[in-house]
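Structure file final-v4.cif; described as mmCIF, C-alpha atoms and all ligand atoms.
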```cif
data_work
loop_
_atom_site.label_atom_id
_atom_site.label_comp_id
_atom_site.auth_asym_id
_atom_site.auth_seq_id
_atom_site.Cartn_x
_atom_site.Cartn_y
_atom_site.Cartn_z
CA MET Z 1 165.99 116.45 -73.10
CA ILE Z 2 165.08 113.82 -75.69
CA LYS Z 3 167.71 111.11 -75.44
CA PHE Z 4 169.10 109.45 -78.54
CA LEU Z 5 168.26 106.07 -77.00
CA ASP Z 6 166.71 105.50 -73.58
CA LEU Z 7 167.99 102.01 -72.75
CA GLN Z 8 166.65 102.15 -69.22
CA LYS Z 9 163.12 102.77 -70.47
CA ILE Z 10 163.45 100.10 -73.17
CA ASN Z 11 164.41 97.42 -70.63
CA LEU Z 12 162.03 98.54 -67.87
CA GLU Z 13 159.16 97.65 -70.23
CA TYR Z 14 159.90 94.05 -69.25
CA GLN Z 15 161.03 94.71 -65.68
CA GLN Z 16 159.02 92.02 -63.89
CA GLU Z 17 159.77 89.29 -66.37
CA ILE Z 18 163.49 90.12 -66.57
CA GLU Z 19 164.04 90.58 -62.84
CA ALA Z 20 162.31 87.29 -62.02
CA LYS Z 21 164.53 85.53 -64.56
CA LEU Z 22 167.71 87.18 -63.31
CA ILE Z 23 166.98 85.93 -59.79
CA GLU Z 24 166.24 82.46 -61.13
CA VAL Z 25 169.55 82.28 -63.00
CA PHE Z 26 171.44 83.75 -60.04
CA ARG Z 27 170.01 81.17 -57.67
CA SER Z 28 170.47 78.26 -60.08
CA GLY Z 29 174.25 78.24 -59.65
CA TRP Z 30 174.69 77.55 -63.41
CA TYR Z 31 176.06 80.50 -65.39
CA LEU Z 32 177.52 79.26 -68.67
CA MET Z 33 176.50 76.76 -71.36
CA GLY Z 34 173.20 75.79 -69.76
CA LYS Z 35 169.48 75.71 -70.37
CA GLU Z 36 169.07 79.46 -70.89
CA LEU Z 37 171.54 79.41 -73.76
CA SER Z 38 170.06 76.33 -75.42
CA ASP Z 39 166.51 77.69 -75.07
CA PHE Z 40 167.54 80.99 -76.64
CA GLU Z 41 169.40 79.23 -79.45
CA VAL Z 42 166.32 77.14 -80.28
CA ASN Z 43 163.99 80.14 -80.18
CA LEU Z 44 166.34 82.31 -82.24
CA SER Z 45 166.78 79.60 -84.88
CA HIS Z 46 162.98 79.19 -85.11
CA TYR Z 47 162.48 82.94 -85.32
CA ILE Z 48 165.03 83.33 -88.12
CA GLY Z 49 164.01 80.10 -89.83
CA ALA Z 50 167.58 78.79 -89.87
CA LYS Z 51 168.56 75.28 -88.81
CA HIS Z 52 171.25 76.39 -86.38
CA ALA Z 53 171.73 79.31 -84.01
CA ILE Z 54 174.91 79.51 -81.94
CA GLY Z 55 175.24 82.02 -79.13
CA VAL Z 56 178.62 83.77 -78.99
CA ALA Z 57 180.17 86.60 -77.00
CA ASN Z 58 179.45 89.54 -79.36
CA GLY Z 59 178.71 90.53 -82.94
CA LEU Z 60 182.31 90.93 -84.03
CA ASP Z 61 183.08 87.40 -82.79
CA ALA Z 62 180.05 86.07 -84.67
CA LEU Z 63 181.48 87.39 -87.96
CA ARG Z 64 185.07 86.39 -87.11
CA LEU Z 65 183.93 82.88 -86.26
CA ILE Z 66 181.98 82.42 -89.51
CA LEU Z 67 185.05 83.32 -91.60
CA ARG Z 68 187.36 81.30 -89.38
CA GLY Z 69 184.94 78.39 -89.73
CA TYR Z 70 185.18 78.57 -93.52
CA ILE Z 71 188.98 78.63 -93.23
CA GLU Z 72 189.03 75.54 -90.99
CA LEU Z 73 186.71 73.78 -93.45
CA GLY Z 74 189.11 74.56 -96.31
CA ILE Z 75 186.54 76.73 -98.11
CA MET Z 76 188.59 79.92 -97.62
CA SER Z 77 192.30 80.54 -97.03
CA PRO Z 78 194.19 83.53 -95.69
CA GLY Z 79 194.91 85.86 -98.64
CA ASP Z 80 191.49 85.24 -100.23
CA GLU Z 81 189.25 88.21 -100.90
CA ILE Z 82 185.91 89.04 -99.32
CA ILE Z 83 183.68 91.74 -100.79
CA VAL Z 84 182.27 94.14 -98.20
CA PRO Z 85 180.60 97.57 -98.33
CA SER Z 86 182.85 100.62 -97.95
CA ASN Z 87 180.00 102.22 -96.00
CA THR Z 88 179.68 100.08 -92.88
CA TYR Z 89 180.59 99.89 -89.23
CA ILE Z 90 184.26 98.92 -88.97
CA ALA Z 91 183.47 95.58 -87.27
CA SER Z 92 182.32 94.07 -90.59
CA ILE Z 93 185.77 94.78 -92.02
CA LEU Z 94 187.76 93.90 -88.89
CA ALA Z 95 186.24 90.40 -88.98
CA ILE Z 96 187.72 89.90 -92.45
CA SER Z 97 191.21 91.24 -91.83
CA ASP Z 98 191.42 89.49 -88.46
CA ASN Z 99 191.31 86.19 -90.36
CA GLY Z 100 194.08 87.18 -92.80
CA LEU Z 101 191.47 87.61 -95.54
CA ILE Z 102 191.47 90.70 -97.77
CA PRO Z 103 188.51 93.09 -97.56
CA VAL Z 104 187.54 94.42 -101.01
CA LEU Z 105 185.42 97.52 -100.54
CA VAL Z 106 182.42 98.35 -102.72
CA GLU Z 107 180.61 101.69 -102.77
CA PRO Z 108 177.03 102.05 -101.49
CA GLU Z 109 173.92 103.35 -103.19
CA ILE Z 110 173.34 106.87 -101.95
CA ASN Z 111 169.57 106.41 -101.51
CA THR Z 112 169.72 103.23 -99.38
CA TYR Z 113 173.24 103.58 -97.87
CA ASN Z 114 173.66 99.87 -98.56
CA ILE Z 115 176.18 98.17 -100.86
CA ASP Z 116 175.47 98.83 -104.56
CA ILE Z 117 174.82 95.31 -105.82
CA SER Z 118 175.48 96.40 -109.42
CA LYS Z 119 179.09 97.24 -108.49
CA ILE Z 120 179.96 93.85 -107.01
CA GLN Z 121 180.65 91.87 -110.20
CA GLU Z 122 183.52 94.12 -111.35
CA LYS Z 123 185.34 93.44 -108.04
CA ILE Z 124 185.22 89.65 -108.31
CA THR Z 125 188.60 88.00 -109.01
CA SER Z 126 189.88 84.43 -108.88
CA LYS Z 127 190.67 85.07 -105.18
CA THR Z 128 187.16 86.15 -104.20
CA LYS Z 129 185.52 83.67 -101.83
CA GLY Z 130 182.65 85.56 -100.27
CA ILE Z 131 180.42 88.59 -100.03
CA LEU Z 132 179.83 90.04 -96.59
CA LEU Z 133 176.50 91.84 -96.84
CA VAL Z 134 175.64 94.42 -94.20
CA HIS Z 135 171.95 95.25 -93.77
CA LEU Z 136 172.90 98.73 -92.66
CA GLN Z 137 170.55 100.82 -90.54
CA GLY Z 138 168.18 97.83 -90.42
CA ARG Z 139 167.48 97.77 -94.15
CA ILE Z 140 167.90 94.50 -96.05
CA VAL Z 141 170.15 94.51 -99.08
CA PHE Z 142 169.52 91.46 -101.25
CA SER Z 143 168.30 90.42 -104.70
CA GLU Z 144 167.84 87.38 -106.91
CA GLN Z 145 170.66 88.68 -109.15
CA LEU Z 146 172.99 88.81 -106.17
CA LYS Z 147 172.14 85.22 -105.25
CA GLU Z 148 172.74 84.19 -108.86
CA LEU Z 149 176.07 86.05 -109.01
CA ALA Z 150 177.27 84.38 -105.79
CA HIS Z 151 176.18 81.00 -107.10
CA GLN Z 152 177.98 81.47 -110.45
CA HIS Z 153 181.26 82.42 -108.79
CA HIS Z 154 180.97 79.95 -105.88
CA LEU Z 155 180.94 82.74 -103.31
CA LYS Z 156 179.60 82.40 -99.79
CA ILE Z 157 177.09 85.05 -98.78
CA ILE Z 158 177.65 86.11 -95.19
CA GLU Z 159 175.19 88.52 -93.62
CA ASP Z 160 176.18 91.06 -91.01
CA ASN Z 161 172.75 91.14 -89.39
CA ALA Z 162 173.79 93.23 -86.38
CA GLN Z 163 171.35 96.01 -87.28
CA ALA Z 164 168.48 94.20 -88.98
CA ILE Z 165 167.01 91.46 -86.77
CA GLY Z 166 163.37 90.94 -87.72
CA ALA Z 167 163.63 92.36 -91.24
CA GLU Z 168 162.20 90.20 -94.00
CA TRP Z 169 162.78 89.85 -97.76
CA ASN Z 170 160.21 87.87 -99.79
CA GLY Z 171 159.08 86.13 -96.61
CA ILE Z 172 162.65 85.19 -95.60
CA LYS Z 173 164.17 86.75 -92.50
CA SER Z 174 167.50 88.52 -92.64
CA GLY Z 175 169.96 86.07 -91.15
CA ASN Z 176 168.56 83.34 -93.39
CA LEU Z 177 169.18 84.88 -96.81
CA GLY Z 178 172.77 83.75 -97.29
CA ASP Z 179 175.03 80.94 -96.09
CA ALA Z 180 175.65 82.26 -92.58
CA ALA Z 181 174.86 85.36 -90.55
CA GLY Z 182 176.33 87.19 -87.60
CA PHE Z 183 174.13 88.95 -85.03
CA SER Z 184 175.03 91.49 -82.36
CA PHE Z 185 172.96 91.95 -79.23
CA TYR Z 186 174.94 94.96 -78.01
CA PRO Z 187 172.58 96.84 -75.65
CA GLY Z 188 171.71 99.51 -78.23
CA LYS Z 189 170.75 97.10 -81.03
CA ASN Z 190 167.07 96.39 -81.79
CA LEU Z 191 167.40 93.20 -79.72
CA GLY Z 192 169.78 94.27 -76.97
CA ALA Z 193 171.27 92.36 -74.04
CA LEU Z 194 172.43 93.82 -70.73
CA GLY Z 195 176.01 93.67 -71.91
CA ASP Z 196 177.82 92.04 -74.82
CA ALA Z 197 176.23 89.19 -76.72
CA GLY Z 198 176.01 87.81 -80.26
CA ALA Z 199 175.00 84.83 -82.36
CA VAL Z 200 175.58 83.01 -85.64
CA THR Z 201 172.79 81.47 -87.70
CA THR Z 202 173.28 79.03 -90.57
CA ASN Z 203 171.70 76.04 -92.31
CA ASP Z 204 175.15 74.50 -92.85
CA ASP Z 205 175.70 71.57 -90.43
CA ASP Z 206 179.48 71.45 -90.92
CA LEU Z 207 179.90 75.18 -90.41
CA ALA Z 208 177.70 75.14 -87.30
CA LYS Z 209 179.69 72.28 -85.78
CA THR Z 210 183.00 73.98 -86.59
CA ILE Z 211 181.89 77.32 -85.11
CA ARG Z 212 180.65 75.65 -81.92
CA ALA Z 213 184.06 74.07 -81.51
CA LEU Z 214 185.99 77.23 -82.42
CA ALA Z 215 184.03 79.27 -79.88
CA ASN Z 216 184.88 76.71 -77.23
CA TYR Z 217 188.71 76.57 -77.42
CA GLY Z 218 188.50 74.56 -80.62
CA SER Z 219 186.92 71.66 -78.79
CA ASN Z 220 183.78 69.57 -79.32
CA GLN Z 221 184.70 67.20 -76.54
CA LYS Z 222 186.12 68.31 -73.22
CA TYR Z 223 189.93 68.51 -73.21
CA VAL Z 224 190.16 67.36 -76.84
CA ASN Z 225 191.14 70.31 -79.06
CA ILE Z 226 190.86 69.97 -82.80
CA TYR Z 227 191.34 73.68 -83.66
CA LYS Z 228 193.36 76.56 -82.21
CA GLY Z 229 190.08 78.05 -81.01
CA LEU Z 230 188.99 80.93 -78.85
CA ASN Z 231 186.63 81.49 -75.97
CA SER Z 232 183.46 83.19 -77.18
CA ARG Z 233 180.47 82.24 -75.05
CA LEU Z 234 177.04 83.78 -74.55
CA ASP Z 235 176.41 83.57 -70.82
CA GLU Z 236 173.20 82.34 -69.17
CA ILE Z 237 172.12 85.76 -67.90
CA GLN Z 238 172.39 87.42 -71.31
CA ALA Z 239 170.74 84.45 -73.04
CA ALA Z 240 167.84 84.53 -70.58
CA VAL Z 241 167.26 88.27 -71.05
CA LEU Z 242 167.48 87.93 -74.84
CA ASP Z 243 165.02 85.04 -74.82
CA ILE Z 244 162.49 87.26 -73.06
CA LYS Z 245 163.05 90.24 -75.35
CA LEU Z 246 162.96 88.12 -78.53
CA LYS Z 247 159.22 87.58 -77.93
CA TYR Z 248 158.61 91.30 -78.33
CA ILE Z 249 160.97 92.16 -81.18
CA ASP Z 250 158.27 92.21 -83.89
CA ARG Z 251 156.10 94.56 -81.86
CA GLU Z 252 159.07 96.86 -81.20
CA ASN Z 253 160.12 96.88 -84.85
CA GLU Z 254 156.54 97.77 -85.80
CA ILE Z 255 156.69 100.82 -83.51
CA ARG Z 256 159.96 101.86 -85.16
CA ARG Z 257 158.24 101.66 -88.57
CA THR Z 258 155.43 103.91 -87.37
CA ILE Z 259 157.92 106.50 -86.13
CA ALA Z 260 159.94 106.34 -89.35
CA GLN Z 261 156.76 106.89 -91.33
CA ARG Z 262 155.87 109.95 -89.27
CA PHE Z 263 159.35 111.43 -89.71
CA ILE Z 264 159.22 110.83 -93.46
CA HIS Z 265 155.76 112.35 -93.86
CA GLU Z 266 156.14 115.27 -91.51
CA ILE Z 267 159.76 116.47 -91.80
CA THR Z 268 159.60 118.94 -94.68
CA HIS Z 269 162.78 121.02 -94.34
CA PRO Z 270 164.30 121.65 -97.81
CA ASP Z 271 167.91 121.20 -96.60
CA ILE Z 272 167.24 117.72 -95.26
CA ILE Z 273 167.26 114.50 -97.26
CA LEU Z 274 165.09 111.83 -95.69
CA PRO Z 275 165.65 108.08 -95.94
CA GLU Z 276 163.62 106.14 -98.46
CA TYR Z 277 160.72 104.12 -97.04
CA PRO Z 278 161.04 100.74 -98.78
CA GLU Z 279 158.23 99.62 -101.07
CA ASN Z 280 157.93 96.51 -98.93
CA GLU Z 281 158.08 97.85 -95.40
CA LYS Z 282 159.12 94.50 -93.93
CA GLU Z 283 162.56 94.97 -95.50
CA HIS Z 284 163.44 97.65 -92.93
CA VAL Z 285 163.49 97.57 -89.13
CA TRP Z 286 164.84 101.12 -88.68
CA HIS Z 287 167.72 100.36 -86.31
CA VAL Z 288 168.61 104.00 -86.86
CA PHE Z 289 166.79 106.80 -88.67
CA VAL Z 290 169.41 108.58 -90.73
CA ILE Z 291 168.88 111.92 -92.43
CA ARG Z 292 171.39 113.74 -94.59
CA SER Z 293 172.23 117.40 -94.94
CA SER Z 294 175.10 119.46 -96.35
CA ARG Z 295 174.59 121.56 -93.19
CA ARG Z 296 174.94 118.48 -90.92
CA ASP Z 297 177.20 119.91 -88.20
CA GLU Z 298 175.12 123.09 -87.94
CA LEU Z 299 171.94 120.99 -87.75
CA GLN Z 300 173.36 118.75 -85.04
CA ALA Z 301 174.43 121.76 -82.94
CA TYR Z 302 170.96 123.30 -83.38
CA LEU Z 303 169.23 120.09 -82.27
CA THR Z 304 171.53 119.79 -79.25
CA GLU Z 305 170.66 123.38 -78.25
CA ASN Z 306 167.01 122.42 -78.51
CA GLY Z 307 167.40 119.39 -76.26
CA ILE Z 308 167.45 116.69 -78.94
CA GLN Z 309 170.31 114.22 -78.77
CA THR Z 310 171.59 112.90 -82.11
CA LEU Z 311 174.52 110.73 -83.22
CA ILE Z 312 176.58 110.33 -86.38
CA HIS Z 313 176.70 106.80 -87.84
CA TYR Z 314 179.55 107.09 -88.68
CA PRO Z 315 181.89 110.11 -88.71
CA ILE Z 316 184.94 108.47 -90.38
CA PRO Z 317 184.69 105.90 -93.20
CA PRO Z 318 186.65 102.67 -92.63
CA HIS Z 319 189.13 103.42 -95.46
CA LYS Z 320 190.06 106.71 -93.74
CA GLN Z 321 190.73 105.08 -90.36
CA GLU Z 322 194.28 104.94 -89.06
CA ALA Z 323 193.80 101.20 -88.52
CA TYR Z 324 193.67 100.85 -92.32
CA LYS Z 325 196.32 103.38 -93.31
CA GLU Z 326 197.22 101.15 -96.25
CA TRP Z 327 193.95 102.41 -97.81
CA GLU Z 328 194.51 106.12 -97.23
CA ASN Z 329 194.91 106.77 -100.97
CA LEU Z 330 191.77 104.88 -101.94
CA SER Z 331 188.79 106.96 -102.92
CA PHE Z 332 185.16 106.09 -102.23
CA PRO Z 333 183.39 109.39 -102.92
CA ILE Z 334 179.86 108.18 -102.12
CA SER Z 335 180.95 106.74 -98.77
CA GLU Z 336 182.91 109.89 -98.00
CA LYS Z 337 179.92 112.10 -98.79
CA ILE Z 338 177.67 109.94 -96.61
CA HIS Z 339 180.05 110.16 -93.68
CA GLN Z 340 180.15 113.95 -94.00
CA GLU Z 341 176.41 114.46 -94.24
CA VAL Z 342 174.56 111.87 -92.16
CA LEU Z 343 172.85 112.42 -88.82
CA SER Z 344 170.86 109.87 -86.82
CA LEU Z 345 167.69 111.05 -85.09
CA PRO Z 346 166.29 109.40 -81.95
CA ILE Z 347 164.12 106.37 -82.78
CA SER Z 348 163.06 103.57 -80.44
CA SER Z 349 160.10 101.52 -79.29
CA VAL Z 350 159.61 103.65 -76.16
CA MET Z 351 159.53 107.17 -77.62
CA SER Z 352 156.39 109.12 -76.82
CA LYS Z 353 154.21 110.65 -79.55
CA GLU Z 354 154.96 114.05 -78.02
CA ASP Z 355 158.72 113.55 -78.34
CA ILE Z 356 158.29 112.59 -81.98
CA SER Z 357 156.18 115.71 -82.58
CA ILE Z 358 158.79 117.91 -80.89
CA ILE Z 359 161.60 116.48 -83.02
CA ILE Z 360 159.59 117.11 -86.22
CA LYS Z 361 158.65 120.66 -85.19
CA VAL Z 362 162.18 121.63 -84.14
CA ILE Z 363 163.71 120.24 -87.35
CA ASN Z 364 161.21 122.01 -89.58
CA LYS Z 365 162.15 125.29 -87.89
CA PHE Z 366 165.88 124.84 -88.57
C1 LIG Z 401 177.19 96.48 -83.73
C2 LIG Z 401 177.72 96.00 -85.02
C3 LIG Z 401 178.71 95.02 -85.09
C4 LIG Z 401 179.48 94.53 -83.92
O1 LIG Z 401 178.75 94.01 -82.88
P1 LIG Z 401 179.38 93.93 -81.41
O2 LIG Z 401 178.39 93.10 -80.67
O3 LIG Z 401 179.47 95.32 -80.89
O4 LIG Z 401 180.72 93.28 -81.51
C5 LIG Z 401 179.06 94.55 -86.34
N1 LIG Z 401 178.52 95.04 -87.45
C6 LIG Z 401 177.60 96.01 -87.43
C7 LIG Z 401 177.03 96.50 -88.71
C8 LIG Z 401 177.18 96.55 -86.22
O5 LIG Z 401 176.27 97.51 -86.20
#
```
Show the structure stored in the file as structure tokens.
Amino acid sequence: MIKFLDLQKINLEYQQEIEAKLIEVFRSGWYLMGKELSDFEVNLSHYIGAKHAIGVANGLDALRLILRGYIELGIMSPGDEIIVPSNTYIASILAISDNGLIPVLVEPEINTYNIDISKIQEKITSKTKGILLVHLQGRIVFSEQLKELAHQHHLKIIEDNAQAIGAEWNGIKSGNLGDAAGFSFYPGKNLGALGDAGAVTTNDDDLAKTIRALANYGSNQKYVNIYKGLNSRLDEIQAAVLDIKLKYIDRENEIRRTIAQRFIHEITHPDIILPEYPENEKEHVWHVFVIRSSRRDELQAYLTENGIQTLIHYPIPPHKQEAYKEWENLSFPISEKIHQEVLSLPISSVMSKEDISIIIKVINKF
């Protein structure tokens, strides 16, 4: 069987280095807020090119903490609106509503699956305070016009960079395109920990300081609490593993690009719509390889029968989730179509050439 994602194989690539480090951390007797975390934060901030990187417990917390930080700084208030794509993983939207802010959904472009930048302006009101961009599937969504629009309306640009670490736009890494970015290091992400982990990057000193405090019970100084904070820490073991894997992320993303290119060139079935390979290939790190078909469910069953595991990212659009029943009468036809037709094929840095060939051959015979 060809697995959708072989996490064991991905991590065993670095077995010696990781196991040696795990023993070192275990024996050190220091498990939180130590050298492993500060080393990883420095290396991540250098990699992204941002002034600050703050390790937190997971990707959802990273986004929640950015918005909460802006609230504590008086830049946003509960009831303000944040623009967010209607086609995203629910966490992007949960981070907004969790802070009492109002998510304002914008349809995607069908060929990139990312927010349609040309549809943002019409959603801006006097209450709009930010745009939460999601570089979905590992593909950057950004433009000079977007930057200009945000600037004109005094909007913060927040990146949900959970799926796109390593992607680059005009020489700038995702996570350094806007005012602040949230990262997830969930095990299945391109840079994955051995459990939950996340980070925030920003060039904003005040925001960084506020987020550090918020993630630590609202405290910058032991037993002195300036905010009603939370506990969202990245532990030493996860930080140490991530610091090792960060060194190899560019190489791994390059392998993903090669696989994506093969799929795009060699899958020729007429009922399958392939993703667009961006003109500048650095803009995409292929977190997932998503195809589309009006015969999606039939195709998935066929691939399963032929030993190829696939997933659907995602089966239900956020506005159709019970959690957001207040939106059940809203209509986002492009998002709805995407959710009905998409299928994610296996793609990872450890897939063999043979497995890739099998996937292509089986699909073309569908
Ligand atoms: C994974 C993911 C998140 C959430 O990250 P967690 O670490 O699982 O909390 C947020 N947004 C997007 C787009 C994601 O893919």
Collect all residues with atoms no farther than 6 Å from ligand LIG 401 (chain Z), counting only C-alpha atoms and all ligand atoms, and output them as a short mmCIF file (atom, residue, chain, number, x, y, z; two decimals) with C-alpha atoms, in the frame of the given file.
```cif
data_model
loop_
_atom_site.label_atom_id
_atom_site.label_comp_id
_atom_site.auth_asym_id
_atom_site.auth_seq_id
_atom_site.Cartn_x
_atom_site.Cartn_y
_atom_site.Cartn_z
CA ASN Z 58 179.45 89.54 -79.36
CA GLY Z 59 178.71 90.53 -82.94
CA LEU Z 60 182.31 90.93 -84.03
CA TYR Z 89 180.59 99.89 -89.23
CA ALA Z 91 183.47 95.58 -87.27
CA SER Z 92 182.32 94.07 -90.59
CA ASP Z 160 176.18 91.06 -91.01
CA ALA Z 162 173.79 93.23 -86.38
CA GLN Z 163 171.35 96.01 -87.28
CA SER Z 184 175.03 91.49 -82.36
CA PHE Z 185 172.96 91.95 -79.23
CA TYR Z 186 174.94 94.96 -78.01
CA ASP Z 196 177.82 92.04 -74.82
CA ALA Z 197 176.23 89.19 -76.72
CA GLY Z 198 176.01 87.81 -80.26
#
```
From Z:Ile237, Z:Leu5, Z:Ile338, Z:Ala193, residue lying nearest Glu109 (chain Z) [only C-alpha atoms]: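 Among the listed residues, the smallest separation from Glu109 (chain Z) belongs to Z:Ile338.
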For Pro333 (chain Z), the nearest of the candidates Z:Ile273, Z:Ser294, Z:His319, Z:Lys51, counting only C-alpha atoms: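 So, comparing all the options, the nearest one is Z:His319.
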Between CA of Asn364 (chain Z) and CA of Arg296 (chain Z) - distance in Å to one decimal: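 Those two atoms sit 14.2 Å apart.
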7 Å contact set for region 245-260 of chain Z, only C-alpha atoms, chain neighbours under 3 positions out, as a PyMOL selection string: chain Z and resi 166+191+241-242+263-264+285-286+289+347-349
His154 (chain Z) surroundings by only C-alpha atoms, 12 Å radius, close-in-sequence under 2 positions cut, as a list in words: Ile75, Met76, Ile124, Thr125, Ser126, Lys127, Thr128, Lys129, Gly130, Ile131, Leu146, Lys147, Glu148, Leu149, Ala150, His151, Gln152, Lys156, Ile157 and Asp179 of chain Z
Radius query 8 Å about (168.1, 112.1, -85.4), atoms used: only C-alpha atoms, as a ChimeraX atom specification: /Z:4,289-291,308-311,343-347
Shortest interatomic distance to Asn225 (chain Z) - which of Z:Met351, Z:Leu44, Z:Ala213, Z:Ala50, counting all atoms listed in the file: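 Of the candidates, the smallest distance to Asn225 (chain Z) is held by Z:Ala213.
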